[in-house]
>>> print(open('my_file.pdb').read())   # PDB, C-alpha atoms, pLDDT in the B column
ATOM      1  CA  MET T   1       0.000   0.000   0.000  1.00 61.00           C
ATOM      2  CA  GLN T   2       2.916   2.363   0.684  1.00 67.00           C
ATOM      3  CA  THR T   3       3.900   2.315  -3.008  1.00 76.00           C
ATOM      4  CA  LEU T   4       0.333   3.142  -4.041  1.00 72.00           C
ATOM      5  CA  VAL T   5       0.149   6.039  -1.580  1.00 73.00           C
ATOM      6  CA  LYS T   6       3.549   7.305  -2.695  1.00 76.00           C
ATOM      7  CA  SER T   7       2.463   7.357  -6.370  1.00 78.00           C
ATOM      8  CA  TYR T   8      -0.759   9.140  -5.366  1.00 73.00           C
ATOM      9  CA  ILE T   9       1.242  11.765  -3.478  1.00 76.00           C
ATOM     10  CA  GLU T  10       3.637  12.236  -6.407  1.00 81.00           C
ATOM     11  CA  GLU T  11       0.645  12.917  -8.639  1.00 78.00           C
ATOM     12  CA  LEU T  12      -0.735  15.431  -6.126  1.00 76.00           C
ATOM     13  CA  GLU T  13       2.641  17.190  -6.057  1.00 79.00           C
ATOM     14  CA  ARG T  14       2.589  17.387  -9.859  1.00 81.00           C
ATOM     15  CA  ILE T  15      -0.875  18.964  -9.699  1.00 79.00           C
ATOM     16  CA  GLU T  16       0.290  21.407  -7.004  1.00 76.00           C
ATOM     17  CA  LYS T  17       3.150  22.661  -9.188  1.00 80.00           C
ATOM     18  CA  LYS T  18       1.014  22.916 -12.297  1.00 79.00           C
ATOM     19  CA  LYS T  19      -1.955  24.650 -10.653  1.00 75.00           C
ATOM     20  CA  LYS T  20       0.058  26.618  -8.077  1.00 71.00           C
ATOM     21  CA  LEU T  21      -1.896  25.376  -5.115  1.00 68.00           C
ATOM     22  CA  LYS T  22      -1.140  23.591  -1.860  1.00 68.00           C
ATOM     23  CA  ILE T  23      -2.595  20.201  -0.965  1.00 65.00           C
ATOM     24  CA  ILE T  24      -2.450  19.253   2.704  1.00 66.00           C
ATOM     25  CA  PHE T  25      -2.839  15.878   4.379  1.00 65.00           C
ATOM     26  CA  ILE T  26      -5.062  15.498   7.366  1.00 70.00           C
ATOM     27  CA  SER T  27      -4.399  12.047   8.719  1.00 69.00           C
ATOM     28  CA  ASN T  28      -6.875   9.301   7.974  1.00 70.00           C
ATOM     29  CA  THR T  29      -6.395   5.557   7.504  1.00 74.00           C
ATOM     30  CA  TRP T  30      -2.996   6.199   5.942  1.00 75.00           C
ATOM     31  CA  GLY T  31      -1.932   7.959   9.118  1.00 80.00           C
ATOM     32  CA  GLU T  32      -3.473   5.270  11.248  1.00 82.00           C
ATOM     33  CA  HIS T  33      -1.239   2.674   9.592  1.00 82.00           C
ATOM     34  CA  GLY T  34       1.847   4.874   9.729  1.00 86.00           C
ATOM     35  CA  ILE T  35       2.158   5.365   5.973  1.00 85.00           C
ATOM     36  CA  LEU T  36       2.314   9.171   6.118  1.00 84.00           C
ATOM     37  CA  LYS T  37       4.987   8.904   8.806  1.00 86.00           C
ATOM     38  CA  GLU T  38       6.991   6.346   6.774  1.00 85.00           C
ATOM     39  CA  LEU T  39       6.832   8.604   3.721  1.00 83.00           C
ATOM     40  CA  ASP T  40       8.005  11.516   5.907  1.00 84.00           C
ATOM     41  CA  LEU T  41       5.179  13.807   4.783  1.00 82.00           C
ATOM     42  CA  ASP T  42       4.048  16.961   6.528  1.00 85.00           C
ATOM     43  CA  THR T  43       0.787  15.810   8.085  1.00 88.00           C
ATOM     44  CA  ILE T  44      -1.907  17.259  10.303  1.00 91.00           C
ATOM     45  CA  TYR T  45      -3.264  14.714  12.774  1.00 93.00           C
ATOM     46  CA  LEU T  46      -6.671  15.254  14.330  1.00 91.00           C
ATOM     47  CA  ALA T  47      -6.515  13.606  17.763  1.00 94.00           C
ATOM     48  CA  ARG T  48      -9.724  12.785  19.559  1.00 94.00           C
ATOM     49  CA  ASP T  49     -10.004  11.027  22.889  1.00 96.00           C
ATOM     50  CA  PRO T  50     -10.814   7.312  22.512  1.00 96.00           C
ATOM     51  CA  PHE T  51     -14.064   7.568  24.473  1.00 96.00           C
ATOM     52  CA  ASN T  52     -15.790  10.136  22.230  1.00 95.00           C
ATOM     53  CA  SER T  53     -14.074   8.781  19.160  1.00 93.00           C
ATOM     54  CA  LEU T  54     -15.420   5.269  19.778  1.00 95.00           C
ATOM     55  CA  ILE T  55     -18.946   6.547  20.358  1.00 95.00           C
ATOM     56  CA  SER T  56     -19.006   8.777  17.266  1.00 91.00           C
ATOM     57  CA  TYR T  57     -17.462   6.162  14.993  1.00 90.00           C
ATOM     58  CA  SER T  58     -19.925   3.520  16.208  1.00 92.00           C
ATOM     59  CA  LYS T  59     -23.110   5.481  15.506  1.00 89.00           C
ATOM     60  CA  PRO T  60     -25.638   3.967  13.087  1.00 86.00           C
ATOM     61  CA  ILE T  61     -25.195   6.875  10.650  1.00 84.00           C
ATOM     62  CA  ARG T  62     -21.448   6.231  10.597  1.00 84.00           C
ATOM     63  CA  HIS T  63     -19.959   2.738  10.942  1.00 88.00           C
ATOM     64  CA  GLU T  64     -22.107   0.686  13.301  1.00 90.00           C
ATOM     65  CA  ARG T  65     -22.874  -1.736  10.464  1.00 90.00           C
ATOM     66  CA  ASN T  66     -19.179  -2.673  10.229  1.00 90.00           C
ATOM     67  CA  PHE T  67     -19.204  -3.863  13.842  1.00 92.00           C
ATOM     68  CA  LEU T  68     -22.517  -5.678  13.377  1.00 93.00           C
ATOM     69  CA  ARG T  69     -21.101  -7.532  10.349  1.00 92.00           C
ATOM     70  CA  ARG T  70     -18.374  -8.825  12.633  1.00 92.00           C
ATOM     71  CA  GLY T  71     -21.016 -10.260  14.950  1.00 94.00           C
ATOM     72  CA  LEU T  72     -20.546  -7.535  17.546  1.00 94.00           C
ATOM     73  CA  THR T  73     -23.778  -6.266  19.043  1.00 93.00           C
ATOM     74  CA  ASN T  74     -22.899  -4.182  22.101  1.00 94.00           C
ATOM     75  CA  LEU T  75     -20.877  -0.973  22.064  1.00 95.00           C
ATOM     76  CA  ASN T  76     -19.957  -1.617  25.702  1.00 96.00           C
ATOM     77  CA  SER T  77     -18.492  -5.063  25.092  1.00 97.00           C
ATOM     78  CA  LYS T  78     -14.736  -5.560  25.318  1.00 97.00           C
ATOM     79  CA  GLU T  79     -14.803  -7.132  21.854  1.00 96.00           C
ATOM     80  CA  TRP T  80     -16.397  -4.030  20.288  1.00 95.00           C
ATOM     81  CA  ILE T  81     -14.002  -1.718  22.126  1.00 97.00           C
ATOM     82  CA  ASP T  82     -10.982  -3.826  21.136  1.00 97.00           C
ATOM     83  CA  ALA T  83     -12.111  -3.881  17.485  1.00 95.00           C
ATOM     84  CA  TYR T  84     -12.001  -0.090  17.588  1.00 95.00           C
ATOM     85  CA  LEU T  85      -8.869   0.465  19.665  1.00 97.00           C
ATOM     86  CA  GLU T  86      -6.690  -2.340  18.272  1.00 95.00           C
ATOM     87  CA  GLY T  87      -8.377  -3.478  15.073  1.00 92.00           C
ATOM     88  CA  PRO T  88      -9.608  -4.820  12.809  1.00 90.00           C
ATOM     89  CA  GLU T  89     -12.243  -2.061  12.561  1.00 88.00           C
ATOM     90  CA  ARG T  90     -10.048   0.904  13.538  1.00 89.00           C
ATOM     91  CA  PHE T  91      -6.634   1.188  15.115  1.00 91.00           C
ATOM     92  CA  TRP T  92      -6.931   4.076  17.585  1.00 95.00           C
ATOM     93  CA  ILE T  93      -3.918   2.983  19.650  1.00 96.00           C
ATOM     94  CA  LYS T  94      -1.673   2.532  16.622  1.00 94.00           C
ATOM     95  CA  HIS T  95      -2.844   5.868  15.201  1.00 94.00           C
ATOM     96  CA  ALA T  96      -2.068   7.690  18.465  1.00 95.00           C
ATOM     97  CA  GLN T  97       1.402   6.128  18.545  1.00 95.00           C
ATOM     98  CA  ASN T  98       2.047   7.181  14.939  1.00 93.00           C
ATOM     99  CA  MET T  99       0.983  10.758  15.729  1.00 93.00           C
ATOM    100  CA  LEU T 100       3.477  10.959  18.553  1.00 96.00           C
ATOM    101  CA  GLU T 101       6.322   9.403  16.535  1.00 95.00           C
ATOM    102  CA  HIS T 102       5.857  11.394  13.315  1.00 94.00           C
ATOM    103  CA  LYS T 103       8.503  14.132  13.268  1.00 93.00           C
ATOM    104  CA  LYS T 104       6.672  16.074  10.542  1.00 91.00           C
ATOM    105  CA  GLY T 105       3.285  15.650  12.177  1.00 92.00           C
ATOM    106  CA  ILE T 106       1.238  18.438  13.694  1.00 93.00           C
ATOM    107  CA  ILE T 107      -1.260  17.257  16.289  1.00 95.00           C
ATOM    108  CA  ILE T 108      -4.545  19.121  16.548  1.00 94.00           C
ATOM    109  CA  ARG T 109      -6.707  17.991  19.446  1.00 95.00           C
ATOM    110  CA  TYR T 110     -10.385  17.706  18.618  1.00 91.00           C
ATOM    111  CA  ASN T 111     -11.377  19.131  22.008  1.00 92.00           C
ATOM    112  CA  ASN T 112      -9.047  22.133  21.498  1.00 94.00           C
ATOM    113  CA  PHE T 113      -9.231  22.439  17.704  1.00 93.00           C
ATOM    114  CA  LYS T 114      -9.478  26.229  17.376  1.00 94.00           C
ATOM    115  CA  ASN T 115      -6.585  27.035  19.718  1.00 95.00           C
ATOM    116  CA  ASP T 116      -4.365  24.217  18.432  1.00 96.00           C
ATOM    117  CA  TRP T 117      -4.946  25.187  14.790  1.00 94.00           C
ATOM    118  CA  ILE T 118      -4.117  28.841  15.367  1.00 94.00           C
ATOM    119  CA  LYS T 119      -1.061  27.989  17.485  1.00 96.00           C
ATOM    120  CA  ASN T 120       0.406  25.115  15.429  1.00 95.00           C
ATOM    121  CA  VAL T 121      -0.624  25.452  11.780  1.00 92.00           C
ATOM    122  CA  LYS T 122       1.304  28.036   9.817  1.00 87.00           C
ATOM    123  CA  ASN T 123       0.977  29.112   6.171  1.00 83.00           C
ATOM    124  CA  LEU T 124      -2.464  27.550   5.731  1.00 84.00           C
ATOM    125  CA  PRO T 125      -5.925  29.107   5.886  1.00 84.00           C
ATOM    126  CA  ASN T 126      -7.469  29.243   9.333  1.00 89.00           C
ATOM    127  CA  ILE T 127     -10.240  26.661   9.048  1.00 88.00           C
ATOM    128  CA  SER T 128     -10.789  26.630  12.811  1.00 89.00           C
ATOM    129  CA  VAL T 129     -13.560  29.216  12.509  1.00 87.00           C
ATOM    130  CA  LEU T 130     -15.603  26.581  10.669  1.00 87.00           C
ATOM    131  CA  PHE T 131     -15.138  23.918  13.340  1.00 87.00           C
ATOM    132  CA  ASN T 132     -18.084  23.253  15.633  1.00 85.00           C
ATOM    133  CA  TYR T 133     -17.068  21.302  18.699  1.00 81.00           C
ATOM    134  CA  LYS T 134     -19.609  18.987  20.276  1.00 84.00           C
ATOM    135  CA  GLU T 135     -18.931  15.904  22.309  1.00 87.00           C
ATOM    136  CA  ASN T 136     -21.034  12.932  23.313  1.00 89.00           C
ATOM    137  CA  ASN T 137     -22.242  12.386  26.843  1.00 93.00           C
ATOM    138  CA  VAL T 138     -19.674   9.664  27.491  1.00 95.00           C
ATOM    139  CA  LYS T 139     -20.905   8.745  30.957  1.00 95.00           C
ATOM    140  CA  GLU T 140     -24.460   8.243  29.663  1.00 95.00           C
ATOM    141  CA  ILE T 141     -23.461   6.127  26.658  1.00 95.00           C
ATOM    142  CA  LEU T 142     -20.560   4.048  27.987  1.00 97.00           C
ATOM    143  CA  THR T 143     -20.815   1.981  31.136  1.00 97.00           C
ATOM    144  CA  GLN T 144     -18.372   2.653  33.965  1.00 97.00           C
ATOM    145  CA  GLU T 145     -16.782  -0.740  33.239  1.00 98.00           C
ATOM    146  CA  SER T 146     -16.242   0.257  29.579  1.00 97.00           C
ATOM    147  CA  ILE T 147     -14.776   3.621  30.577  1.00 97.00           C
ATOM    148  CA  GLU T 148     -12.335   1.920  32.940  1.00 97.00           C
ATOM    149  CA  TYR T 149     -11.429  -0.663  30.284  1.00 98.00           C
ATOM    150  CA  ILE T 150     -10.715   2.027  27.653  1.00 97.00           C
ATOM    151  CA  ARG T 151      -8.791   4.061  30.228  1.00 97.00           C
ATOM    152  CA  SER T 152      -6.625   1.046  31.107  1.00 97.00           C
ATOM    153  CA  LYS T 153      -5.647   0.620  27.451  1.00 97.00           C
ATOM    154  CA  THR T 154      -5.177   4.272  26.493  1.00 97.00           C
ATOM    155  CA  LYS T 155      -4.301   6.350  29.557  1.00 97.00           C
ATOM    156  CA  GLU T 156      -0.591   6.734  28.745  1.00 97.00           C
ATOM    157  CA  LEU T 157      -1.294   7.810  25.149  1.00 97.00           C
ATOM    158  CA  CYS T 158      -4.062  10.198  26.246  1.00 96.00           C
ATOM    159  CA  ASN T 159      -1.672  11.793  28.722  1.00 96.00           C
ATOM    160  CA  LYS T 160       1.038  12.225  26.062  1.00 96.00           C
ATOM    161  CA  LEU T 161      -1.501  13.743  23.667  1.00 96.00           C
ATOM    162  CA  ASN T 162      -3.113  15.812  26.439  1.00 94.00           C
ATOM    163  CA  LEU T 163      -6.538  14.326  25.678  1.00 95.00           C
ATOM    164  CA  PRO T 164      -9.417  14.049  28.163  1.00 92.00           C
ATOM    165  CA  ILE T 165      -9.565  10.886  30.262  1.00 90.00           C
ATOM    166  CA  TYR T 166     -12.972  10.097  31.691  1.00 90.00           C
TER
END
>>> encode(input="my_file.pdb", output="structure tokens")
Amino acid sequence: MQTLVKSYIEELERIEKKKKLKIIFISNTWGEHGILKELDLDTIYLARDPFNSLISYSKPIRHERNFLRRGLTNLNSKEWIDAYLEGPERFWIKHAQNMLEHKKGIIIRYNNFKNDWIKNVKNLPNISVLFNYKENNVKEILTQESIEYIRSKTKELCNKLNLPIY
């Protein structure tokens, strides 16, 4: 996949030069798997705490069906949480590690988007004015057991990223 991404990026660079514009990368699955880090690309990572991230990603209008196809039926089950944190559905832990290790990465925290963007992103338009921050009611949606389980797996990374820990 790295070769495919590299050829895609080379094509984007060609377009940038021709059209005199700047294309930026905001980390997605490529960042989650460390490809943007391996290719040493300037990258903006959007970091969201694993509690809200899990809830939002698992909503019916988003990706709940992917978990259901895997035979998972309860957002509060360890199996569902593990599928999100460690894979195969998402790889939150791996993504957080890649953010921290990527020398050319800029980390923008979801819960502090406007301030982080203004402080850390230079020579790009200020898109923070368009960002509307709204979180889920974690303690109403996740059980205390689920919160403790997620915390046990992610606390160190959340601390390094300065993300909320419920």
>>> closest_residue(input="my_file.pdb", among="T:Leu130, T:Leu100, T:Ile81, T:Ile107", to="Asn52 in chain T", atoms="all atoms listed in the file")
T:Ile81
>>> residues_near_point(input="my_file.pdb", point="(3.8, 16.5, 6.4)", cutoff="12 Å", atoms="all atoms listed in the file", output="PyMOL selection string")
chain T and resi 9+22-27+31+35-45+99+102-107+121
>>> atom_distance(input="my_file.pdb", atom1="CA of Tyr149 in chain T", atom2="CA of Ile165 in chain T")
11.7 Å
>>> resolve_selection(input="my_file.pdb", expression="the PyMOL selection byres ((chain T and resi 56) around 12)", output="PyMOL selection string")
chain T and resi 48-55+57-64+75+84+134-138+141-142
>>> residues_around(input="my_file.pdb", residues="range 157-162 of chain T", least_positions_apart="6", cutoff="8 Å", atoms="only C-alpha atoms", output="VMD selection string")
chain T and resid 47 49 93 96 to 97 100 109
>>> closest_residue(input="my_file.pdb", among="T:Glu10, T:Pro164, T:Thr29, T:Ile15", to="His95 in chain T", atoms="all atoms listed in the file")
T:Thr29
>>> closest_residue(input="my_file.pdb", among="T:Lys139, T:Tyr8, T:Ile150, T:Phe131", to="Ala83 in chain T", atoms="only C-alpha atoms")
T:Ile150
>>> closest_residue(input="my_file.pdb", among="T:Lys114, T:Arg70, T:Arg65, T:Glu89", to="Val129 in chain T", atoms="all atoms listed in the file")
T:Lys114
>>> atom_distance(input="my_file.pdb", atom1="CA of Ser77 in chain T", atom2="CA of Ile108 in chain T")
29.2 Å
>>> atom_distance(input="my_file.pdb", atom1="CA of Asn111 in chain T", atom2="CA of Tyr133 in chain T")
6.9 Å
>>> closest_residue(input="my_file.pdb", among="T:Phe91, T:Tyr166, T:Phe67, T:Trp117", to="Ser146 in chain T", atoms="only C-alpha atoms")
T:Tyr166
>>> closest_residue(input="my_file.pdb", among="T:Glu140, T:Glu148, T:His33, T:Glu13", to="Glu86 in chain T", atoms="all atoms listed in the file")
T:His33
